[in-house]
>>> print(open('structure-v3.pdb').read())   # PDB, C-alpha atoms, pLDDT in the B column
MODEL        1
ATOM      1  CA  MET A   1      -4.729  36.856 -87.667  1.00 68.00           C
ATOM      2  CA  ARG A   2      -7.365  34.242 -87.046  1.00 79.00           C
ATOM      3  CA  PHE A   3      -7.741  32.133 -83.919  1.00 86.00           C
ATOM      4  CA  THR A   4      -8.052  28.385 -84.248  1.00 90.00           C
ATOM      5  CA  THR A   5     -11.215  26.518 -83.364  1.00 93.00           C
ATOM      6  CA  TYR A   6      -9.273  25.134 -80.395  1.00 94.00           C
ATOM      7  CA  THR A   7      -8.867  28.617 -78.902  1.00 94.00           C
ATOM      8  CA  ASP A   8     -12.502  29.410 -79.670  1.00 95.00           C
ATOM      9  CA  TYR A   9     -13.650  26.296 -77.804  1.00 96.00           C
ATOM     10  CA  SER A  10     -11.274  27.031 -74.927  1.00 96.00           C
ATOM     11  CA  LEU A  11     -12.792  30.477 -74.477  1.00 96.00           C
ATOM     12  CA  ARG A  12     -16.316  29.042 -74.690  1.00 94.00           C
ATOM     13  CA  VAL A  13     -15.555  26.454 -71.989  1.00 96.00           C
ATOM     14  CA  LEU A  14     -14.151  29.121 -69.692  1.00 96.00           C
ATOM     15  CA  MET A  15     -17.157  31.407 -70.266  1.00 93.00           C
ATOM     16  CA  TYR A  16     -19.561  28.555 -69.591  1.00 93.00           C
ATOM     17  CA  LEU A  17     -17.831  27.665 -66.336  1.00 94.00           C
ATOM     18  CA  ALA A  18     -17.671  31.306 -65.259  1.00 92.00           C
ATOM     19  CA  ARG A  19     -21.433  31.659 -65.753  1.00 88.00           C
ATOM     20  CA  SER A  20     -22.518  28.340 -64.254  1.00 86.00           C
ATOM     21  CA  THR A  21     -24.105  28.434 -60.804  1.00 80.00           C
ATOM     22  CA  LYS A  22     -23.546  24.719 -60.274  1.00 85.00           C
ATOM     23  CA  ASP A  23     -20.538  23.444 -58.345  1.00 87.00           C
ATOM     24  CA  THR A  24     -19.358  21.520 -61.390  1.00 92.00           C
ATOM     25  CA  SER A  25     -20.353  21.134 -65.022  1.00 93.00           C
ATOM     26  CA  THR A  26     -19.795  18.335 -67.503  1.00 94.00           C
ATOM     27  CA  ILE A  27     -18.351  18.124 -70.985  1.00 94.00           C
ATOM     28  CA  SER A  28     -21.668  16.705 -72.210  1.00 93.00           C
ATOM     29  CA  GLU A  29     -23.559  19.734 -70.866  1.00 93.00           C
ATOM     30  CA  MET A  30     -21.192  22.098 -72.655  1.00 94.00           C
ATOM     31  CA  SER A  31     -21.272  20.060 -75.845  1.00 95.00           C
ATOM     32  CA  ASP A  32     -25.069  20.157 -75.870  1.00 93.00           C
ATOM     33  CA  PHE A  33     -25.189  23.845 -74.983  1.00 93.00           C
ATOM     34  CA  PHE A  34     -22.751  24.976 -77.690  1.00 93.00           C
ATOM     35  CA  LYS A  35     -23.752  22.259 -80.172  1.00 94.00           C
ATOM     36  CA  ILE A  36     -20.145  21.238 -80.753  1.00 94.00           C
ATOM     37  CA  SER A  37     -18.310  17.920 -80.743  1.00 94.00           C
ATOM     38  CA  ARG A  38     -17.868  16.278 -77.355  1.00 94.00           C
ATOM     39  CA  ASN A  39     -14.586  14.753 -78.576  1.00 95.00           C
ATOM     40  CA  HIS A  40     -13.157  18.203 -79.319  1.00 94.00           C
ATOM     41  CA  LEU A  41     -14.202  19.445 -75.895  1.00 96.00           C
ATOM     42  CA  VAL A  42     -12.508  16.503 -74.183  1.00 95.00           C
ATOM     43  CA  LYS A  43      -9.170  17.629 -75.645  1.00 95.00           C
ATOM     44  CA  VAL A  44      -9.797  21.278 -74.798  1.00 97.00           C
ATOM     45  CA  VAL A  45     -10.847  20.515 -71.220  1.00 96.00           C
ATOM     46  CA  HIS A  46      -7.839  18.256 -70.705  1.00 96.00           C
ATOM     47  CA  HIS A  47      -5.469  20.994 -71.869  1.00 96.00           C
ATOM     48  CA  LEU A  48      -7.180  23.719 -69.804  1.00 97.00           C
ATOM     49  CA  GLY A  49      -6.742  21.464 -66.793  1.00 96.00           C
ATOM     50  CA  LEU A  50      -3.049  20.903 -67.524  1.00 96.00           C
ATOM     51  CA  ILE A  51      -2.366  24.646 -67.775  1.00 95.00           C
ATOM     52  CA  GLY A  52      -4.258  25.364 -64.557  1.00 96.00           C
ATOM     53  CA  TYR A  53      -7.419  27.162 -65.635  1.00 97.00           C
ATOM     54  CA  ILE A  54      -9.853  24.431 -64.643  1.00 97.00           C
ATOM     55  CA  GLU A  55     -10.087  21.563 -62.183  1.00 95.00           C
ATOM     56  CA  THR A  56     -11.498  18.250 -63.281  1.00 93.00           C
ATOM     57  CA  THR A  57     -12.844  15.466 -61.105  1.00 90.00           C
ATOM     58  CA  ARG A  58     -13.566  12.036 -62.521  1.00 88.00           C
ATOM     59  CA  GLY A  59     -16.299   9.704 -61.475  1.00 84.00           C
ATOM     60  CA  ARG A  60     -20.009   9.685 -60.908  1.00 83.00           C
ATOM     61  CA  SER A  61     -20.132  12.941 -58.967  1.00 81.00           C
ATOM     62  CA  GLY A  62     -17.253  14.477 -60.901  1.00 85.00           C
ATOM     63  CA  GLY A  63     -17.190  17.430 -63.201  1.00 92.00           C
ATOM     64  CA  ILE A  64     -15.348  20.560 -64.234  1.00 95.00           C
ATOM     65  CA  LYS A  65     -14.988  23.938 -62.548  1.00 95.00           C
ATOM     66  CA  LEU A  66     -12.731  26.965 -62.744  1.00 96.00           C
ATOM     67  CA  ALA A  67      -9.480  26.545 -60.828  1.00 96.00           C
ATOM     68  CA  LYS A  68      -9.227  30.290 -60.188  1.00 95.00           C
ATOM     69  CA  SER A  69     -11.581  33.226 -60.132  1.00 94.00           C
ATOM     70  CA  ALA A  70     -12.741  34.659 -63.463  1.00 93.00           C
ATOM     71  CA  LYS A  71     -10.926  37.903 -62.598  1.00 94.00           C
ATOM     72  CA  GLN A  72      -7.588  36.028 -62.468  1.00 96.00           C
ATOM     73  CA  ILE A  73      -7.893  34.469 -65.935  1.00 97.00           C
ATOM     74  CA  LYS A  74      -6.484  36.896 -68.500  1.00 96.00           C
ATOM     75  CA  LEU A  75      -7.670  36.721 -72.102  1.00 95.00           C
ATOM     76  CA  GLY A  76      -4.204  37.205 -73.592  1.00 93.00           C
ATOM     77  CA  ASP A  77      -2.738  34.396 -71.499  1.00 95.00           C
ATOM     78  CA  VAL A  78      -5.477  31.997 -72.610  1.00 96.00           C
ATOM     79  CA  VAL A  79      -4.928  32.894 -76.263  1.00 93.00           C
ATOM     80  CA  ARG A  80      -1.147  32.572 -75.944  1.00 91.00           C
ATOM     81  CA  GLN A  81      -1.480  29.148 -74.283  1.00 93.00           C
ATOM     82  CA  THR A  82      -4.092  27.709 -76.642  1.00 93.00           C
ATOM     83  CA  GLU A  83      -2.917  28.961 -80.021  1.00 87.00           C
ATOM     84  CA  PRO A  84      -0.475  26.407 -81.447  1.00 77.00           C
ATOM     85  CA  ASP A  85       1.427  29.048 -83.414  1.00 73.00           C
ATOM     86  CA  ALA A  86       0.426  32.658 -82.883  1.00 67.00           C
ATOM     87  CA  THR A  87       3.574  33.878 -84.589  1.00 69.00           C
ATOM     88  CA  LEU A  88       2.814  36.325 -87.384  1.00 68.00           C
ATOM     89  CA  LEU A  89       5.817  35.402 -89.542  1.00 68.00           C
ATOM     90  CA  GLU A  90       8.418  32.640 -89.611  1.00 69.00           C
ATOM     91  CA  CYS A  91      11.207  35.069 -88.729  1.00 68.00           C
ATOM     92  CA  LEU A  92       9.563  35.866 -85.370  1.00 69.00           C
ATOM     93  CA  THR A  93      10.019  32.337 -84.053  1.00 69.00           C
ATOM     94  CA  THR A  94      12.969  31.301 -81.948  1.00 61.00           C
ATOM     95  CA  LYS A  95      13.995  28.905 -84.705  1.00 64.00           C
ATOM     96  CA  SER A  96      16.306  30.093 -87.428  1.00 65.00           C
ATOM     97  CA  SER A  97      14.564  31.835 -90.279  1.00 70.00           C
ATOM     98  CA  SER A  98      14.943  30.844 -93.911  1.00 75.00           C
ATOM     99  CA  CYS A  99      14.527  34.481 -94.982  1.00 74.00           C
ATOM    100  CA  VAL A 100      17.660  35.852 -96.671  1.00 77.00           C
ATOM    101  CA  ILE A 101      17.116  39.378 -95.304  1.00 75.00           C
ATOM    102  CA  ASP A 102      16.326  38.233 -91.764  1.00 72.00           C
ATOM    103  CA  HIS A 103      19.381  39.882 -90.141  1.00 75.00           C
ATOM    104  CA  GLN A 104      18.751  43.271 -91.800  1.00 79.00           C
ATOM    105  CA  CYS A 105      14.956  43.415 -91.786  1.00 79.00           C
ATOM    106  CA  ARG A 106      13.361  46.193 -89.730  1.00 82.00           C
ATOM    107  CA  LEU A 107       9.868  44.850 -90.395  1.00 83.00           C
ATOM    108  CA  LYS A 108      10.704  41.949 -88.070  1.00 79.00           C
ATOM    109  CA  GLY A 109      11.005  44.285 -85.065  1.00 81.00           C
ATOM    110  CA  ILE A 110       7.803  46.123 -85.924  1.00 87.00           C
ATOM    111  CA  LEU A 111       5.805  42.906 -86.225  1.00 83.00           C
ATOM    112  CA  ALA A 112       7.353  41.431 -83.068  1.00 82.00           C
ATOM    113  CA  LYS A 113       6.236  44.522 -81.140  1.00 89.00           C
ATOM    114  CA  ALA A 114       2.757  44.372 -82.682  1.00 87.00           C
ATOM    115  CA  GLN A 115       2.447  40.721 -81.696  1.00 85.00           C
ATOM    116  CA  SER A 116       3.554  41.473 -78.135  1.00 87.00           C
ATOM    117  CA  ASP A 117       1.228  44.496 -77.913  1.00 92.00           C
ATOM    118  CA  PHE A 118      -1.674  42.363 -79.115  1.00 90.00           C
ATOM    119  CA  ILE A 119      -1.287  39.895 -76.234  1.00 90.00           C
ATOM    120  CA  GLN A 120      -0.708  42.730 -73.749  1.00 94.00           C
ATOM    121  CA  ASN A 121      -3.902  44.443 -74.922  1.00 95.00           C
ATOM    122  CA  LEU A 122      -5.870  41.226 -74.562  1.00 94.00           C
ATOM    123  CA  ASN A 123      -4.461  40.825 -71.047  1.00 95.00           C
ATOM    124  CA  GLN A 124      -6.228  44.029 -70.030  1.00 95.00           C
ATOM    125  CA  TYR A 125      -9.357  41.864 -69.964  1.00 95.00           C
ATOM    126  CA  SER A 126     -10.117  38.930 -67.719  1.00 95.00           C
ATOM    127  CA  LEU A 127     -12.659  36.163 -68.110  1.00 95.00           C
ATOM    128  CA  HIS A 128     -14.867  38.210 -65.796  1.00 91.00           C
ATOM    129  CA  HIS A 129     -15.022  40.999 -68.420  1.00 88.00           C
ATOM    130  CA  PHE A 130     -16.180  38.855 -71.307  1.00 81.00           C
ATOM    131  CA  ALA A 131     -18.303  36.286 -69.466  1.00 81.00           C
ATOM    132  CA  GLU A 132     -20.680  38.884 -68.041  1.00 76.00           C
ATOM    133  CA  PRO A 133     -23.619  39.842 -70.272  1.00 66.00           C
ATOM    134  CA  THR A 134     -24.236  43.433 -71.293  1.00 61.00           C
ATOM    135  CA  HIS A 135     -27.588  45.080 -70.706  1.00 59.00           C
ATOM    136  CA  ARG A 136     -28.204  45.438 -74.440  1.00 54.00           C
ATOM    137  CA  GLN A 137     -27.885  41.787 -75.342  1.00 54.00           C
ATOM    138  CA  ASN A 138     -30.075  38.834 -74.582  1.00 57.00           C
ATOM    139  CA  ASP A 139     -28.375  36.630 -72.053  1.00 59.00           C
ATOM    140  CA  LEU A 140     -28.188  33.353 -73.957  1.00 60.00           C
ATOM    141  CA  PHE A 141     -26.759  31.581 -70.938  1.00 61.00           C
ATOM    142  CA  LYS A 142     -29.810  32.521 -68.883  1.00 58.00           C
ATOM    143  CA  MET A 143     -32.203  31.738 -71.723  1.00 48.00           C
ATOM    144  CA  ILE A 144     -30.847  28.184 -71.855  1.00 50.00           C
ATOM    145  CA  SER A 145     -31.145  27.736 -68.078  1.00 52.00           C
ATOM    146  CA  ILE A 146     -27.597  28.426 -66.977  1.00 53.00           C
ATOM    147  CA  GLU A 147     -28.092  31.012 -64.322  1.00 49.00           C
ATOM    148  CA  PRO A 148     -25.312  33.599 -63.949  1.00 44.00           C
ATOM    149  CA  ARG A 149     -23.307  33.685 -60.735  1.00 41.00           C
TER     150      ARG A 149
ENDMDL
END
>>> encode(input="structure-v3.pdb", output="structure tokens")
Amino acid sequence: MRFTTYTDYSLRVLMYLARSTKDTSTISEMSDFFKISRNHLVKVVHHLGLIGYIETTRGRSGGIKLAKSAKQIKLGDVVRQTEPDATLLECLTTKSSSCVIDHQCRLKGILAKAQSDFIQNLNQYSLHHFAEPTHRQNDLFKMISIEPR
């Protein structure tokens, strides 16, 4: 399984906002910091706002901030809500499968459980867990003048 760039950028935005000491941040700041397309971040930020992870304010003094605490944002939920199709196989979707052995296949149940377990395991971690630096690593956020909270 491989996450899409969209999920990657979503996680980066959330980490950035969790580490920022400012009241709000901007898409341009994040784009410059991560060296990624501003246009991509606009879409990501819009979606994160729609699903309730961030608050956005337009205008001159506007910006972006987390809508909830970092401890309330679960990694598995973010992945599930940002991956367009995290289904391992076609037969695990709610749509009808084109597989001729679909109704007799035991592999389907095994993979469905694995997929569910994967998200449950990710949900053991919140944004707080993966936004905080470890003692062994250089804190890139601090090095680039984003002071941790």
>>> atom_distance(input="structure-v3.pdb", atom1="atom CA of Ile64 of chain A", atom2="atom CA of Phe118 of chain A")
29.7 Å
>>> closest_residue(input="structure-v3.pdb", among="A:Asp23, A:Ser126, A:Gln120, A:Gly59", to="Gln72 of chain A", atoms="all atoms listed in the file")
A:Ser126
>>> atom_distance(input="structure-v3.pdb", atom1="atom CA of Glu55 of chain A", atom2="atom CA of Leu41 of chain A")
14.5 Å
>>> resolve_selection(input="structure-v3.pdb", expression="the PyMOL selection byres ((chain A and resi 75) around 7)", output="list in words")
Ile73, Lys74, Gly76, Asp77, Val78, Val79, Leu122, Asn123, Tyr125, Ser126 and Leu127 of chain A
>>> atom_distance(input="structure-v3.pdb", atom1="atom CA of Ile110 of chain A", atom2="atom CA of Asp85 of chain A")
18.4 Å
>>> closest_residue(input="structure-v3.pdb", among="A:Ile36, A:Leu48, A:Leu66, A:Leu111", to="Tyr16 of chain A", atoms="all atoms listed in the file")
A:Leu66
>>> closest_residue(input="structure-v3.pdb", among="A:Ser10, A:Arg19, A:Thr5, A:Thr24", to="Val42 of chain A", atoms="all atoms listed in the file")
A:Ser10
>>> residues_around(input="structure-v3.pdb", residues="Val13 of chain A", least_positions_apart="6", cutoff="9 Å", atoms="all atoms listed in the file", output="VMD selection string")
chain A and resid 27 30 41 44 to 45
>>> closest_residue(input="structure-v3.pdb", among="A:Gly63, A:Thr56, A:Tyr6, A:Leu50", to="Lys22 of chain A", atoms="all atoms listed in the file")
A:Gly63
>>> closest_residue(input="structure-v3.pdb", among="A:Ala114, A:Ile119, A:Ile54, A:Ile101", to="Arg80 of chain A", atoms="only C-alpha atoms")
A:Ile119
>>> resolve_selection(input="structure-v3.pdb", expression="the PyMOL selection byres ((chain A and resi 131) around 7)", output="PyMOL selection string")
chain A and resi 15+18-19+127-130+132-133
>>> write_last_selection(input="structure-v3.pdb", atoms="C-alpha atoms", output="PDB file, in the coordinates of the input")
ATOM      1  CA  MET A  15     -17.157  31.407 -70.266  1.00 93.00           C
ATOM      2  CA  ALA A  18     -17.671  31.306 -65.259  1.00 92.00           C
ATOM      3  CA  ARG A  19     -21.433  31.659 -65.753  1.00 88.00           C
ATOM      4  CA  LEU A 127     -12.659  36.163 -68.110  1.00 95.00           C
ATOM      5  CA  HIS A 128     -14.867  38.210 -65.796  1.00 91.00           C
ATOM      6  CA  HIS A 129     -15.022  40.999 -68.420  1.00 88.00           C
ATOM      7  CA  PHE A 130     -16.180  38.855 -71.307  1.00 81.00           C
ATOM      8  CA  GLU A 132     -20.680  38.884 -68.041  1.00 76.00           C
ATOM      9  CA  PRO A 133     -23.619  39.842 -70.272  1.00 66.00           C
TER      10      PRO A 133
END
>>> closest_residue(input="structure-v3.pdb", among="A:Gln115, A:Thr21, A:Ser69, A:Thr82", to="Tyr9 of chain A", atoms="all atoms listed in the file")
A:Thr82
>>> axis_aligned_box(input="structure-v3.pdb", around="segment 2-14 of chain A", padding_each_side="8 Å", output="JSON")
{"center_x": -11.8, "center_y": 29.7, "center_z": -78.4, "size_x": 25.0, "size_y": 25.1, "size_z": 33.4}
